[in-house]
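A.B. asks: Pasting coords02.csv below, which is CSV, C-alpha atoms.
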```
chain,number,residue,atom,x,y,z
B,579,MET,CA,23.0,2.6,-25.7
B,580,GLY,CA,20.8,0.9,-23.1
B,581,VAL,CA,18.3,3.8,-23.1
B,582,GLU,CA,15.1,3.8,-25.1
B,583,GLY,CA,14.5,5.3,-28.4
B,584,LYS,CA,10.9,6.3,-29.0
B,585,ARG,CA,8.9,7.1,-32.1
B,586,LYS,CA,5.4,8.4,-31.6
B,587,THR,CA,3.0,9.5,-34.2
B,588,ARG,CA,1.4,12.8,-33.3
B,589,ARG,CA,-1.7,14.2,-35.0
B,590,GLY,CA,-3.9,17.2,-34.6
B,591,LYS,CA,-7.2,17.0,-32.9
B,592,ARG,CA,-9.3,16.5,-36.1
B,593,GLY,CA,-6.8,14.1,-37.7
B,594,GLY,CA,-6.7,12.0,-34.6
B,595,GLU,CA,-10.5,11.8,-34.3
B,596,SER,CA,-10.7,10.8,-38.0
B,597,LYS,CA,-8.0,8.1,-37.6
B,598,ARG,CA,-9.6,6.7,-34.4
B,599,GLN,CA,-13.0,6.5,-36.2
B,600,LYS,CA,-11.5,4.5,-39.1
B,601,ASP,CA,-9.7,2.2,-36.7
B,602,ASP,CA,-12.9,1.6,-34.7
B,603,GLU,CA,-14.8,0.8,-37.9
B,604,ALA,CA,-12.0,-1.6,-39.0
B,605,SER,CA,-12.2,-3.3,-35.6
B,606,ILE,CA,-15.9,-3.7,-35.8
B,607,ASP,CA,-15.7,-5.2,-39.3
B,608,ASN,CA,-13.0,-7.6,-38.2
B,609,SER,CA,-15.1,-8.8,-35.2
B,610,VAL,CA,-17.9,-10.1,-37.4
B,611,LEU,CA,-15.8,-11.8,-40.1
B,612,GLY,CA,-15.9,-15.6,-40.6
B,613,ASP,CA,-13.3,-18.3,-40.4
B,614,ASN,CA,-11.2,-17.0,-43.3
B,615,GLY,CA,-8.9,-14.9,-41.2
B,616,ALA,CA,-11.6,-13.2,-39.3
B,617,VAL,CA,-12.7,-13.1,-35.7
B,618,ASP,CA,-16.0,-14.2,-34.2
B,619,GLN,CA,-16.2,-12.4,-30.9
B,620,GLY,CA,-19.7,-13.5,-30.1
B,621,ASP,CA,-18.8,-16.5,-28.1
B,622,GLY,CA,-15.0,-15.9,-27.8
B,623,GLU,CA,-14.0,-19.2,-29.5
B,624,GLY,CA,-11.1,-19.1,-31.8
B,625,TYR,CA,-10.3,-15.5,-31.1
B,626,GLU,CA,-7.0,-14.2,-32.6
B,627,ALA,CA,-5.7,-10.7,-31.8
B,628,PRO,CA,-5.6,-8.4,-34.9
B,629,PRO,CA,-2.2,-7.3,-36.0
B,630,MET,CA,-1.0,-3.9,-34.8
B,631,ASP,CA,-1.0,-1.0,-37.2
B,632,ALA,CA,2.6,0.0,-37.6
B,633,ARG,CA,1.5,3.6,-38.2
B,634,ASP,CA,0.0,3.8,-34.7
B,635,SER,CA,2.7,1.8,-32.9
B,636,VAL,CA,5.1,3.1,-30.2
B,637,PHE,CA,8.4,1.3,-30.5
B,638,TYR,CA,11.1,1.1,-27.8
B,639,THR,CA,14.5,0.3,-29.1
B,640,ASP,CA,16.4,-2.2,-26.9
B,641,THR,CA,20.1,-2.1,-27.5
B,642,ALA,CA,21.1,-3.3,-24.1
B,643,ALA,CA,20.9,-7.0,-24.7
B,644,ASP,CA,23.3,-6.9,-27.7
B,645,GLY,CA,25.8,-4.3,-26.8
B,646,ASP,CA,25.8,-0.5,-26.4
B,647,SER,CA,27.6,0.1,-29.7
B,648,MET,CA,24.8,-1.4,-31.8
B,649,ASP,CA,23.4,0.7,-34.5
B,650,VAL,CA,19.8,1.7,-33.8
B,651,ASP,CA,18.5,0.3,-37.1
B,652,GLN,CA,19.9,-3.1,-36.2
B,653,ALA,CA,18.6,-3.1,-32.6
B,654,GLU,CA,15.4,-5.0,-31.7
B,655,LYS,CA,12.3,-2.9,-31.7
B,656,ILE,CA,9.9,-3.9,-29.0
B,657,SER,CA,6.3,-2.7,-29.0
B,658,PRO,CA,4.0,-2.8,-26.0
B,659,ALA,CA,1.7,-5.8,-25.8
B,660,SER,CA,-1.4,-5.6,-28.0
B,661,TYR,CA,-4.1,-8.3,-28.2
B,662,GLY,CA,-6.9,-6.4,-29.8
B,663,LEU,CA,-10.2,-5.1,-28.5
B,664,VAL,CA,-12.0,-6.9,-25.6
B,665,ASN,CA,-15.2,-8.7,-26.4
B,666,PRO,CA,-18.0,-6.1,-25.5
B,667,ASP,CA,-20.1,-8.9,-23.8
B,668,LEU,CA,-17.1,-9.8,-21.6
B,669,GLN,CA,-16.4,-6.2,-20.9
B,670,SER,CA,-20.0,-5.6,-19.8
B,671,TYR,CA,-19.9,-8.7,-17.6
B,672,LEU,CA,-16.8,-7.5,-15.9
B,673,LYS,CA,-18.2,-4.1,-15.3
B,674,SER,CA,-21.2,-5.6,-13.5
B,675,CYS,CA,-18.8,-7.7,-11.4
B,676,GLU,CA,-16.8,-4.6,-10.5
B,677,VAL,CA,-19.7,-3.4,-8.4
B,678,MET,CA,-19.5,-6.6,-6.3
B,679,LEU,CA,-15.7,-6.3,-6.0
B,680,ASP,CA,-16.0,-2.7,-4.8
B,681,ASP,CA,-18.7,-3.6,-2.2
B,682,SER,CA,-17.3,-7.0,-1.2
B,683,LYS,CA,-20.6,-7.7,0.5
B,684,PHE,CA,-20.9,-11.4,0.2
B,685,GLU,CA,-23.3,-13.4,2.4
B,686,SER,CA,-20.6,-16.0,3.2
B,687,ALA,CA,-17.0,-16.9,2.3
B,688,GLU,CA,-18.4,-19.7,0.1
B,689,ASP,CA,-20.4,-17.2,-1.9
B,690,ARG,CA,-17.3,-15.1,-2.5
B,691,VAL,CA,-15.3,-18.1,-3.6
B,692,ILE,CA,-18.1,-19.1,-6.1
B,693,PHE,CA,-18.3,-15.6,-7.4
B,694,VAL,CA,-14.5,-15.3,-8.0
B,695,ASN,CA,-14.4,-18.7,-9.6
B,696,ASN,CA,-17.1,-17.7,-12.0
B,697,VAL,CA,-15.3,-14.5,-13.0
B,698,TYR,CA,-12.1,-16.4,-13.8
B,699,ALA,CA,-14.1,-19.0,-15.8
B,700,GLU,CA,-15.7,-16.2,-17.9
B,701,MET,CA,-12.5,-14.5,-18.8
B,702,LYS,CA,-10.5,-17.7,-19.4
B,703,ASN,CA,-8.3,-17.5,-22.6
B,704,PHE,CA,-8.7,-13.7,-22.5
B,705,GLU,CA,-6.5,-12.9,-19.5
B,706,LEU,CA,-3.6,-11.2,-21.2
B,707,GLN,CA,-6.0,-9.2,-23.4
B,708,LEU,CA,-7.7,-7.8,-20.3
B,709,THR,CA,-4.3,-6.7,-18.8
B,710,THR,CA,-3.8,-4.3,-21.7
B,711,ASP,CA,-7.3,-2.9,-21.6
B,712,HIS,CA,-7.9,0.3,-19.5
B,713,GLU,CA,-11.0,-1.0,-17.7
B,714,GLY,CA,-10.1,-4.6,-17.8
B,715,SER,CA,-6.8,-4.1,-16.1
B,716,ARG,CA,-8.4,-2.0,-13.4
B,717,ILE,CA,-11.0,-4.8,-12.7
B,718,LEU,CA,-8.3,-7.4,-12.7
B,719,GLU,CA,-6.3,-5.6,-9.9
B,720,LYS,CA,-9.5,-5.5,-7.8
B,721,LEU,CA,-10.2,-9.2,-8.5
B,722,PHE,CA,-6.7,-10.2,-7.4
B,723,ARG,CA,-7.3,-8.8,-4.0
B,724,VAL,CA,-10.1,-11.3,-3.3
B,725,SER,CA,-8.5,-14.2,-5.2
B,726,SER,CA,-6.9,-17.3,-3.8
B,727,GLU,CA,-3.1,-17.7,-3.9
B,728,TYR,CA,-3.6,-20.4,-6.5
B,729,GLN,CA,-5.6,-18.1,-8.8
B,730,ILE,CA,-2.9,-15.4,-8.4
B,731,ARG,CA,-0.1,-17.8,-9.2
B,732,ARG,CA,-2.0,-19.1,-12.2
B,733,PHE,CA,-2.6,-15.6,-13.6
B,734,PHE,CA,1.1,-14.7,-12.9
B,735,ALA,CA,2.2,-17.8,-14.8
B,736,LEU,CA,0.2,-16.7,-17.9
B,737,THR,CA,2.1,-13.4,-18.1
B,738,ARG,CA,5.3,-15.4,-18.8
B,739,GLU,CA,4.2,-15.7,-22.4
B,740,ASP,CA,4.9,-12.1,-23.2
B,741,THR,CA,6.6,-10.6,-20.2
B,742,ILE,CA,8.7,-7.8,-21.8
B,743,ARG,CA,5.9,-6.4,-23.9
B,744,LEU,CA,3.6,-6.5,-20.9
B,745,VAL,CA,5.9,-4.6,-18.5
B,746,ILE,CA,6.3,-1.7,-21.0
B,747,HIS,CA,2.5,-1.3,-21.4
B,748,ARG,CA,0.9,1.5,-19.6
B,749,PHE,CA,-1.9,-0.7,-18.2
B,750,SER,CA,-0.5,-4.2,-17.9
B,751,SER,CA,2.6,-2.9,-16.1
B,752,HIS,CA,0.4,-2.0,-13.2
B,753,THR,CA,-1.2,-5.4,-13.3
B,754,ILE,CA,2.3,-7.0,-13.1
B,755,GLN,CA,3.2,-4.8,-10.2
B,756,THR,CA,0.1,-5.8,-8.3
B,757,LEU,CA,0.9,-9.5,-8.9
B,758,LEU,CA,4.4,-8.9,-7.5
B,759,LEU,CA,3.1,-7.2,-4.4
B,760,LEU,CA,0.6,-9.9,-3.7
B,761,SER,CA,3.4,-12.5,-4.3
B,762,ALA,CA,5.5,-10.8,-1.7
B,763,ILE,CA,2.7,-10.9,0.8
B,764,ALA,CA,2.0,-14.6,0.1
B,765,LEU,CA,5.7,-15.5,0.5
B,766,GLU,CA,5.9,-13.7,3.9
B,767,ARG,CA,2.8,-15.5,5.0
B,768,GLY,CA,3.9,-18.9,3.7
B,769,GLU,CA,2.6,-20.4,0.6
B,770,VAL,CA,-0.4,-22.7,0.8
B,771,SER,CA,-0.3,-26.0,-1.1
B,772,ASP,CA,-2.7,-26.3,-4.1
B,773,LEU,CA,-4.8,-29.0,-2.3
B,774,ALA,CA,-5.3,-26.8,0.7
B,775,ALA,CA,-5.7,-23.5,-1.1
B,776,GLY,CA,-9.5,-23.4,-1.1
B,777,ALA,CA,-12.6,-24.7,-2.8
B,778,GLU,CA,-12.1,-23.4,-6.3
B,779,ILE,CA,-11.3,-25.8,-9.1
B,780,GLU,CA,-9.8,-24.9,-12.4
B,781,ASP,CA,-10.8,-26.6,-15.7
B,782,SER,CA,-13.9,-27.7,-13.8
B,783,GLU,CA,-15.9,-29.3,-16.6
B,784,GLY,CA,-17.2,-32.6,-15.4
B,785,PRO,CA,-17.2,-34.5,-12.1
B,786,GLU,CA,-13.6,-35.5,-12.2
B,787,ALA,CA,-12.1,-32.0,-12.7
B,788,VAL,CA,-8.6,-31.5,-11.5
B,789,ARG,CA,-6.6,-28.4,-10.5
B,790,THR,CA,-4.0,-27.3,-13.0
B,791,GLU,CA,-0.6,-27.3,-11.5
B,792,VAL,CA,1.2,-24.0,-11.6
B,793,PRO,CA,4.6,-22.8,-10.4
B,794,THR,CA,5.2,-21.5,-6.8
B,795,PHE,CA,5.5,-17.8,-6.1
B,796,GLU,CA,9.2,-18.3,-5.5
B,797,LYS,CA,9.7,-19.9,-8.9
B,798,LEU,CA,7.6,-17.3,-10.7
B,799,ILE,CA,9.6,-14.5,-9.3
B,800,LEU,CA,12.9,-16.2,-10.1
B,801,GLU,CA,11.7,-16.8,-13.7
B,802,LEU,CA,10.8,-13.1,-13.9
B,803,VAL,CA,14.3,-12.2,-12.9
B,804,ASP,CA,15.8,-14.4,-15.6
B,805,THR,CA,13.5,-12.8,-18.2
B,806,LEU,CA,14.1,-9.1,-17.2
B,807,THR,CA,17.8,-9.2,-16.5
B,808,PRO,CA,19.1,-9.2,-20.1
B,809,HIS,CA,16.9,-6.1,-20.8
B,810,TRP,CA,17.6,-4.3,-17.6
B,811,SER,CA,19.0,-1.0,-18.9
B,812,PHE,CA,16.3,-0.8,-21.6
B,813,LEU,CA,13.6,-1.4,-18.9
B,814,MET,CA,15.2,1.2,-16.5
B,815,ALA,CA,14.6,3.8,-19.2
B,816,ASN,CA,11.0,2.9,-19.7
B,817,GLU,CA,8.4,4.9,-17.7
B,818,TYR,CA,6.1,2.0,-17.2
B,819,ALA,CA,8.7,-0.8,-16.6
B,820,SER,CA,11.0,1.1,-14.2
B,821,HIS,CA,8.6,0.9,-11.2
B,822,ILE,CA,8.3,-2.9,-11.7
B,823,LEU,CA,12.1,-3.2,-11.5
B,824,ARG,CA,12.1,-1.3,-8.2
B,825,VAL,CA,9.4,-3.6,-6.7
B,826,LEU,CA,11.3,-6.6,-8.0
B,827,LEU,CA,14.5,-5.5,-6.3
B,828,LEU,CA,12.7,-4.9,-3.0
B,829,VAL,CA,10.9,-8.2,-3.2
B,830,LEU,CA,14.2,-10.0,-3.7
B,831,SER,CA,16.0,-8.2,-0.9
B,832,GLY,CA,13.1,-8.3,1.6
B,833,LYS,CA,13.3,-4.6,2.2
B,834,PRO,CA,10.1,-2.7,3.0
B,835,ILE,CA,8.1,-1.9,-0.2
B,836,GLU,CA,5.6,0.6,1.0
B,837,ASP,CA,6.5,2.7,4.1
B,838,GLN,CA,3.3,4.6,4.8
B,839,ALA,CA,4.9,6.5,7.6
B,840,ASN,CA,7.6,7.9,5.3
B,841,PRO,CA,6.2,9.0,1.9
B,842,LYS,CA,9.8,9.4,0.6
B,843,ASN,CA,10.2,5.6,0.9
B,844,ALA,CA,7.0,4.8,-1.0
B,845,ILE,CA,7.4,2.9,-4.2
B,846,LYS,CA,4.6,4.8,-5.9
B,847,SER,CA,5.3,8.2,-7.3
B,848,LYS,CA,2.7,11.0,-7.0
B,849,ARG,CA,1.8,10.3,-10.6
B,850,SER,CA,1.3,6.6,-9.9
B,851,ALA,CA,-0.8,7.4,-6.8
B,852,LYS,CA,-3.0,9.7,-8.8
B,853,TYR,CA,-3.3,6.9,-11.5
B,854,VAL,CA,-4.6,4.5,-8.8
B,855,GLU,CA,-7.0,7.1,-7.5
B,856,ASP,CA,-8.4,8.0,-11.0
B,857,ARG,CA,-9.0,4.3,-11.6
B,858,ASN,CA,-11.1,4.1,-8.4
B,859,GLY,CA,-8.6,1.8,-6.8
B,860,GLU,CA,-6.9,1.5,-3.5
B,861,PRO,CA,-3.2,0.8,-2.8
B,862,ILE,CA,-2.3,-2.5,-1.3
B,863,ASN,CA,-1.6,-1.6,2.3
B,864,HIS,CA,-0.6,-4.9,3.9
B,865,PRO,CA,1.5,-4.8,7.1
B,866,SER,CA,4.2,-7.1,5.6
B,867,LEU,CA,4.9,-4.6,2.8
B,868,ALA,CA,5.9,-1.9,5.3
B,869,THR,CA,8.3,-4.1,7.3
B,870,ARG,CA,11.5,-6.1,6.6
B,871,ARG,CA,10.6,-9.5,5.3
B,872,THR,CA,12.4,-12.8,5.1
B,873,PRO,CA,12.6,-13.8,1.5
B,874,PRO,CA,13.4,-17.3,0.3
B,875,ASP,CA,17.1,-18.3,0.4
B,876,SER,CA,17.2,-18.5,-3.4
B,877,PHE,CA,16.4,-14.8,-3.7
B,878,ALA,CA,19.8,-13.7,-2.3
B,879,ALA,CA,21.8,-15.4,-5.0
B,880,ALA,CA,19.4,-14.2,-7.7
B,881,LEU,CA,19.6,-10.6,-6.5
B,882,GLU,CA,23.4,-10.7,-6.4
B,883,GLN,CA,23.6,-12.2,-9.9
B,884,LEU,CA,21.1,-9.6,-11.2
B,885,LEU,CA,23.0,-6.7,-9.8
B,886,LYS,CA,26.3,-8.0,-11.2
B,887,THR,CA,24.9,-8.8,-14.6
B,888,ALA,CA,23.0,-5.5,-15.0
B,889,SER,CA,26.0,-3.4,-13.7
B,890,ASP,CA,28.5,-5.1,-15.9
B,891,ALA,CA,26.3,-4.6,-19.0
B,892,MET,CA,26.2,-0.8,-18.6
B,893,ASN,CA,29.1,1.2,-19.9
B,894,ASP,CA,30.0,4.6,-18.4
B,895,LEU,CA,27.8,6.6,-20.7
B,896,VAL,CA,24.7,4.5,-20.0
B,897,ALA,CA,25.2,4.5,-16.3
B,898,ARG,CA,25.8,8.2,-16.2
B,899,SER,CA,22.7,8.9,-18.3
B,900,PHE,CA,20.5,7.4,-15.6
B,901,THR,CA,21.9,9.7,-12.9
B,902,ASN,CA,19.8,12.6,-14.3
B,903,SER,CA,16.9,10.5,-15.5
B,904,PRO,CA,13.6,10.9,-13.6
B,905,VAL,CA,12.6,7.4,-14.7
B,906,GLY,CA,15.9,5.5,-14.3
B,907,SER,CA,17.5,7.3,-11.4
B,908,PRO,CA,15.2,5.8,-8.6
B,909,VAL,CA,16.1,2.3,-9.9
B,910,LEU,CA,19.8,3.2,-10.1
B,911,GLN,CA,19.8,4.6,-6.5
B,912,LEU,CA,18.2,1.4,-5.2
B,913,MET,CA,20.7,-0.8,-7.0
B,914,LEU,CA,23.5,1.2,-5.4
B,915,SER,CA,21.9,0.9,-2.0
B,916,LEU,CA,21.7,-2.9,-2.3
B,917,GLN,CA,25.3,-3.1,-3.5
B,918,SER,CA,26.4,-0.9,-0.5
B,919,GLU,CA,24.8,-3.5,1.9
B,920,LYS,CA,27.0,-6.2,0.3
B,921,GLY,CA,30.1,-4.1,0.5
B,922,LYS,CA,30.4,-3.9,-3.3
B,923,LEU,CA,29.7,-0.2,-3.9
B,924,GLU,CA,33.1,1.3,-4.2
B,925,ARG,CA,35.1,-1.3,-6.1
B,926,ALA,CA,37.0,-0.3,-9.2
B,927,GLY,CA,34.8,-0.6,-12.2
B,928,SER,CA,31.6,-0.8,-10.0
B,929,LEU,CA,28.3,0.7,-11.0
B,930,LEU,CA,29.0,3.8,-8.9
B,931,ASP,CA,32.5,4.1,-10.3
B,932,LYS,CA,30.9,4.2,-13.8
B,933,CYS,CA,28.4,6.9,-12.7
B,934,LEU,CA,31.2,9.0,-11.3
B,935,MET,CA,33.4,8.6,-14.3
B,936,GLU,CA,36.0,6.4,-12.5
B,937,LEU,CA,36.4,8.8,-9.6
B,938,ILE,CA,36.9,5.7,-7.3
B,939,THR,CA,39.5,4.2,-9.5
B,940,ASP,CA,41.4,7.4,-10.3
B,941,ASN,CA,40.7,10.6,-8.4
B,942,SER,CA,43.3,12.7,-10.3
B,943,ASP,CA,42.4,15.9,-12.1
B,944,ASN,CA,39.9,15.3,-14.9
B,945,PRO,CA,38.1,18.4,-16.2
B,946,ARG,CA,35.6,16.4,-18.2
B,947,ARG,CA,34.6,14.4,-15.1
B,948,ASP,CA,34.5,17.5,-12.9
B,949,GLY,CA,32.2,19.2,-15.3
B,950,ALA,CA,29.8,16.2,-15.5
B,951,ILE,CA,29.6,15.8,-11.7
B,952,LYS,CA,29.0,19.6,-11.2
B,953,MET,CA,26.1,19.3,-13.7
B,954,MET,CA,24.7,16.4,-11.6
B,955,LEU,CA,24.8,18.6,-8.5
B,956,GLU,CA,22.9,21.4,-10.3
B,957,ASP,CA,20.3,19.1,-12.0
B,958,VAL,CA,16.9,18.6,-10.4
B,959,VAL,CA,17.2,14.8,-10.6
B,960,GLY,CA,21.0,14.5,-10.5
B,961,SER,CA,21.2,16.4,-7.2
B,962,HIS,CA,19.0,13.7,-5.6
B,963,PHE,CA,21.2,11.0,-7.0
B,964,MET,CA,24.3,12.8,-5.5
B,965,GLN,CA,22.5,13.1,-2.2
B,966,ARG,CA,22.0,9.3,-2.2
B,967,VAL,CA,25.7,8.8,-3.1
B,968,ILE,CA,26.8,10.9,-0.2
B,969,GLU,CA,24.6,8.9,2.2
B,970,LEU,CA,26.2,5.7,1.0
B,971,SER,CA,29.8,6.8,0.6
B,972,SER,CA,32.7,5.7,2.8
B,973,ALA,CA,34.7,8.4,4.6
B,974,LYS,CA,37.3,8.3,1.9
B,975,LEU,CA,35.0,8.9,-1.0
B,976,LEU,CA,33.1,11.5,1.0
B,977,ARG,CA,36.3,13.4,1.6
B,978,THR,CA,37.1,13.3,-2.1
B,979,LEU,CA,33.7,14.5,-3.1
B,980,TYR,CA,33.7,17.3,-0.5
B,981,GLU,CA,37.2,18.6,-1.4
B,982,ARG,CA,36.6,18.5,-5.2
B,983,TYR,CA,33.0,19.6,-5.6
B,984,PHE,CA,31.7,21.2,-2.4
B,985,SER,CA,34.3,23.1,-0.4
B,986,SER,CA,34.8,25.8,-2.9
B,987,ASN,CA,31.3,25.8,-4.3
B,988,LEU,CA,29.1,25.9,-1.2
B,989,LYS,CA,27.7,29.4,-2.0
B,990,THR,CA,26.9,28.5,-5.6
B,991,LEU,CA,25.3,25.2,-4.7
```
Take the structure from the file and write it as structure tokens.

C.D. replies:
Amino acid sequence: MGVEGKRKTRRGKRGGESKRQKDDEASIDNSVLGDNGAVDQGDGEGYEAPPMDARDSVFYTDTAADGDSMDVDQAEKISPASYGLVNPDLQSYLKSCEVMLDDSKFESAEDRVIFVNNVYAEMKNFELQLTTDHEGSRILEKLFRVSSEYQIRRFFALTREDTIRLVIHRFSSHTIQTLLLLSAIALERGEVSDLAAGAEIEDSEGPEAVRTEVPTFEKLILELVDTLTPHWSFLMANEYASHILRVLLLVLSGKPIEDQANPKNAIKSKRSAKYVEDRNGEPINHPSLATRRTPPDSFAAALEQLLKTASDAMNDLVARSFTNSPVGSPVLQLMLSLQSEKGKLERAGSLLDKCLMELITDNSDNPRRDGAIKMMLEDVVGSHFMQRVIELSSAKLLRTLYERYFSSNLKTL
């Protein structure tokens, strides 16, 4: 029904340790096998990610793309991205590089460029694998901050191979969000052509090495919109993907992403901020993220189409489920805010009309609807949703809400 269905395998402490030990042993054995289906991780050549063990997988059921009435057993089951264990030698190398990334004490700009180029060269063909690794993804986010626009675009382009599975992964989702934020900064500053982007050269083997052509930031974001839109409801209900949807909407609209002066407007939750702190990272505090930006003209049409497609794909039950969802409600509220700016908030059959059980279309007595809205007002998350609705409502809708749900219940509320 557009919301996720999860199946997690839980074990006791001893059982979990035993299982992890067996998995580790299996992974070690796989890493030293030969060409007959095995992996030689010594030099990284010919590496193939081992298959996921279905017993340990977390599956998210996406029914949004094929209709809300689909039976769960027939729906597509999407698992977070998994590319196997990172080569220990590569992991050790990146840890040593992290010290340099933290200090950022390079003798010259040229030394920094050479260092960054060497890091990218060492992890070539293992980029996606690193995004799903706890330590690897942390180091990648630090590396992006000192990378050229070309290197960021190239890495962003690589994620197109497995976008949906990456955005629902607990580590790679933060990597995608960082790429989005840096893309917004680059777009506001104005993209630099590949030839003028700096000294680094990709595929630099031989004297006649050439730079690999990659899409622009504008094209990368538009392609991301096209990929995520068919799965929008499913991603809204995912605790890792939902914050990417919020950033994407803000990038498309040009609205401030991180308002440091007003914590209520910050894109990161307290949990996300703690996650960054625990990973020894720092938030991206760029002035352009805290102010209104001027996005490319193509973003306006893309945003309008995204909002229309995502709203039309939700039925009343799915839309209403997000009003009380701590994961989906922030995305829902942002969608309503953007629709309000375009004057499309209170149309019959609109997203808000679905959330309020057609109160806009028909405000006659409806006990079932009255009960649902009263539950929203009394819910911890739903009350914040209703607060946002009141802030966006026209005088007519505000009067209807007050007379039906507030005037006689002020003491109770």

A.B. asks: One decimal, Å: what's the distance from CA of Val691 in chain B over to CA of Ser674 in chain B, could you say?

C.D. replies: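 Straight-line distance from CA of Val691 in chain B to CA of Ser674 in chain B works out to 17.0 Å.
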
A.B. asks: When you draw a straight line from CA of Glu791 in chain B to CA of Ala764 in chain B, how long is it in Å?

C.D. replies: 17.4 Å

A.B. asks: Report as an MDAnalysis selection string all protein, DNA and RNA residues lying within 12 Å of Arg946 in chain B, evaluated on only C-alpha atoms, omitting residues in the same chain fewer than 4 positions from it.

C.D. replies: chainID B and resid 934:937 942 950:953

A.B. asks: So that I can see what lies close to range 972-979 of chain B, please list as number ranges by chain the residues with an atom at most 10 Å from it, counting all atoms listed in the file and leaving out residues fewer than 2 positions away in the same chain.

C.D. replies: B: 918, 923-924, 937-938, 941, 951, 964, 967-970, 981-985

A.B. asks: I need the chosen residues saved as an mmCIF file, in the frame of the given file, with C-alpha atoms.

C.D. replies:
```cif
data_model
loop_
_atom_site.group_PDB
_atom_site.id
_atom_site.type_symbol
_atom_site.label_atom_id
_atom_site.label_comp_id
_atom_site.auth_asym_id
_atom_site.auth_seq_id
_atom_site.Cartn_x
_atom_site.Cartn_y
_atom_site.Cartn_z
ATOM 1 C CA SER B 918 26.400 -0.900 -0.500
ATOM 2 C CA LEU B 923 29.700 -0.200 -3.900
ATOM 3 C CA GLU B 924 33.100 1.300 -4.200
ATOM 4 C CA LEU B 937 36.400 8.800 -9.600
ATOM 5 C CA ILE B 938 36.900 5.700 -7.300
ATOM 6 C CA ASN B 941 40.700 10.600 -8.400
ATOM 7 C CA ILE B 951 29.600 15.800 -11.700
ATOM 8 C CA MET B 964 24.300 12.800 -5.500
ATOM 9 C CA VAL B 967 25.700 8.800 -3.100
ATOM 10 C CA ILE B 968 26.800 10.900 -0.200
ATOM 11 C CA GLU B 969 24.600 8.900 2.200
ATOM 12 C CA LEU B 970 26.200 5.700 1.000
ATOM 13 C CA GLU B 981 37.200 18.600 -1.400
ATOM 14 C CA ARG B 982 36.600 18.500 -5.200
ATOM 15 C CA TYR B 983 33.000 19.600 -5.600
ATOM 16 C CA PHE B 984 31.700 21.200 -2.400
ATOM 17 C CA SER B 985 34.300 23.100 -0.400
#
```

A.B. asks: Which protein, DNA or RNA residues have an atom at most 12 Å from (-6.3, -17.2, -21.7), counting all atoms listed in the file? List them as a ChimeraX atom specification.

C.D. replies: /B:622-626,661,698-709,732-737,739

A.B. asks: Could you save the residues just selected, with C-alpha atoms, as an mmCIF file, in the frame of the given file?

C.D. replies:
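That gives us part_19.cif:
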```
data_model
loop_
_atom_site.group_PDB
_atom_site.id
_atom_site.type_symbol
_atom_site.label_atom_id
_atom_site.label_comp_id
_atom_site.auth_asym_id
_atom_site.auth_seq_id
_atom_site.Cartn_x
_atom_site.Cartn_y
_atom_site.Cartn_z
ATOM 1 C CA GLY B 622 -15.000 -15.900 -27.800
ATOM 2 C CA GLU B 623 -14.000 -19.200 -29.500
ATOM 3 C CA GLY B 624 -11.100 -19.100 -31.800
ATOM 4 C CA TYR B 625 -10.300 -15.500 -31.100
ATOM 5 C CA GLU B 626 -7.000 -14.200 -32.600
ATOM 6 C CA TYR B 661 -4.100 -8.300 -28.200
ATOM 7 C CA TYR B 698 -12.100 -16.400 -13.800
ATOM 8 C CA ALA B 699 -14.100 -19.000 -15.800
ATOM 9 C CA GLU B 700 -15.700 -16.200 -17.900
ATOM 10 C CA MET B 701 -12.500 -14.500 -18.800
ATOM 11 C CA LYS B 702 -10.500 -17.700 -19.400
ATOM 12 C CA ASN B 703 -8.300 -17.500 -22.600
ATOM 13 C CA PHE B 704 -8.700 -13.700 -22.500
ATOM 14 C CA GLU B 705 -6.500 -12.900 -19.500
ATOM 15 C CA LEU B 706 -3.600 -11.200 -21.200
ATOM 16 C CA GLN B 707 -6.000 -9.200 -23.400
ATOM 17 C CA LEU B 708 -7.700 -7.800 -20.300
ATOM 18 C CA THR B 709 -4.300 -6.700 -18.800
ATOM 19 C CA ARG B 732 -2.000 -19.100 -12.200
ATOM 20 C CA PHE B 733 -2.600 -15.600 -13.600
ATOM 21 C CA PHE B 734 1.100 -14.700 -12.900
ATOM 22 C CA ALA B 735 2.200 -17.800 -14.800
ATOM 23 C CA LEU B 736 0.200 -16.700 -17.900
ATOM 24 C CA THR B 737 2.100 -13.400 -18.100
ATOM 25 C CA GLU B 739 4.200 -15.700 -22.400
#
```

A.B. asks: What separation in Å, quoted to one decimal, exists between CA of Arg871 in chain B and CA of Leu757 in chain B?

C.D. replies: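 Distance between the two atoms: 17.2 Å.
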
A.B. asks: Would you list the contacts of Ser725 in chain B as a list in words, taking every protein, DNA or RNA residue within 12 Å and counting all atoms listed in the file, but skipping same-chain residues closer than 3 positions in sequence?

C.D. replies: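 The residues that qualify are Leu679, Ala687, Arg690, Val691, Ile692, Phe693, Val694, Asn695, Asn696, Val697, Tyr698, Leu718, Glu719, Lys720, Leu721, Phe722, Tyr728, Gln729, Ile730, Arg731, Arg732, Phe733, Leu757, Leu760, Ala764, Ala775, Gly776, Ala777 and Glu778 of chain B.
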
A.B. asks: Have a look at B:Asn944, B:Thr901, B:Ser866, B:Thr807 and name the one nearest to Ala880 in chain B; count all atoms listed in the file.

C.D. replies: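 With all atoms listed in the file as the atom set, the closest residue is B:Thr807.
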
A.B. asks: Restricting the calculation to all atoms listed in the file, which member of B:Ala868, B:Leu744, B:Leu798, B:Pro793 is positioned closest to Tyr818 in chain B?

C.D. replies: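 Nearest to Tyr818 in chain B: B:Leu744.
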